[in-house]
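Written out below as structure tokens is the structure these notes cover.
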Amino acid sequence: MRHTSFHSAATGQPLTNALLITKLGAWMHEHDELASVAISLILPAYNEADAIEQAVEEAVIALSQTADDYEVIVVDDGSMDRTSAIVESIIQNSDCVRLVRHDVNRGYGAAIRSGFLAAKMNLVMFTDAD
């Protein structure tokens, strides 16, 4: 398994979702064996009603410019706010967004694991929704 992380050269901080996906696309095209890989992006979310719509929108835009095939999997980890309802409304207009829901908060690791289990593409990555 190949492991590569992407951080800002200026700050050393992890890249934003859209920039991360764009950078990943450039990296993939530098490695010809990965040029046509399909991507599953997991967004674990807990009470992210204020940020989830923008996070999904940025991910879809970046993936559409980067990958031949892709999906965005939001894992709602027992949110008490409108996170799931917002994602469900996004799903009505997008066939590349999916929702996995935990009835109760099971923690970040469980959300990532659920996303990996739901992923259908051959390259799986995750990033925070916020």
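Going by the structure tokens order, chains are called A, B, ..., each with residues numbered from 1, while ligands are numbered from 1 in the order shown.
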Which polymer residues have any atom within 6 Å of an atom of region 97-100 of chain A, counting only C-alpha atoms, with same-chain residues fewer than 3 positions away left out, as a PyMOL selection string?
chain A and resi 71-75+91+94
Region 106-120 of chain A environment, 9 Å, only C-alpha atoms, sequence neighbours closer than 5 positions dropped, as a ChimeraX atom specification:
/A:38-46,70-78,100-101,125-126
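Distances here use only C-alpha atoms; by that measure, the residue among A:Val104, A:Gln54, A:Ala49, A:Thr66 closest to Ala85 (chain A) is A:Ala49.
The space between CA of Glu58 (chain A) and CA of Asn105 (chain A) spans 25.1 Å.
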Which distance in Å separates CA of Glu53 (chain A) and CA of Ser36 (chain A), to one decimal?
27.2 Å
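Comparing A:Ser84, A:Met121, A:Asp128, A:Ser64 by their smallest distance to Asn47 (chain A), the closest is A:Ser84 (using only C-alpha atoms).
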Please compute the CA of Asp68 (chain A)-CA of Cys96 (chain A) distance, one decimal, in Å.
12.1 Å
Pick from A:Val56, A:Asn93, A:Ala129, A:Asp103, whichever lies nearest to Ser79 (chain A) using only C-alpha atoms:
A:Asp103
Rank A:Ala59, A:Asp69, A:Ile52, A:His102 by their smallest atom-to-atom distance to Val87 (chain A), using only C-alpha atoms, and report the top residue only.
A:Ile52
May I have all residues of region 26-108 of chain A that DSSP, computed from the backbone, assigns to strand (DSSP E or B), given as number ranges by chain?
A: 39-45, 70-77, 97-102
Rank nothing, just name the residue among A:Met80, A:Ile90, A:Leu123, A:Asp95 nearest to Ala55 (chain A), using only C-alpha atoms.
A:Ile90
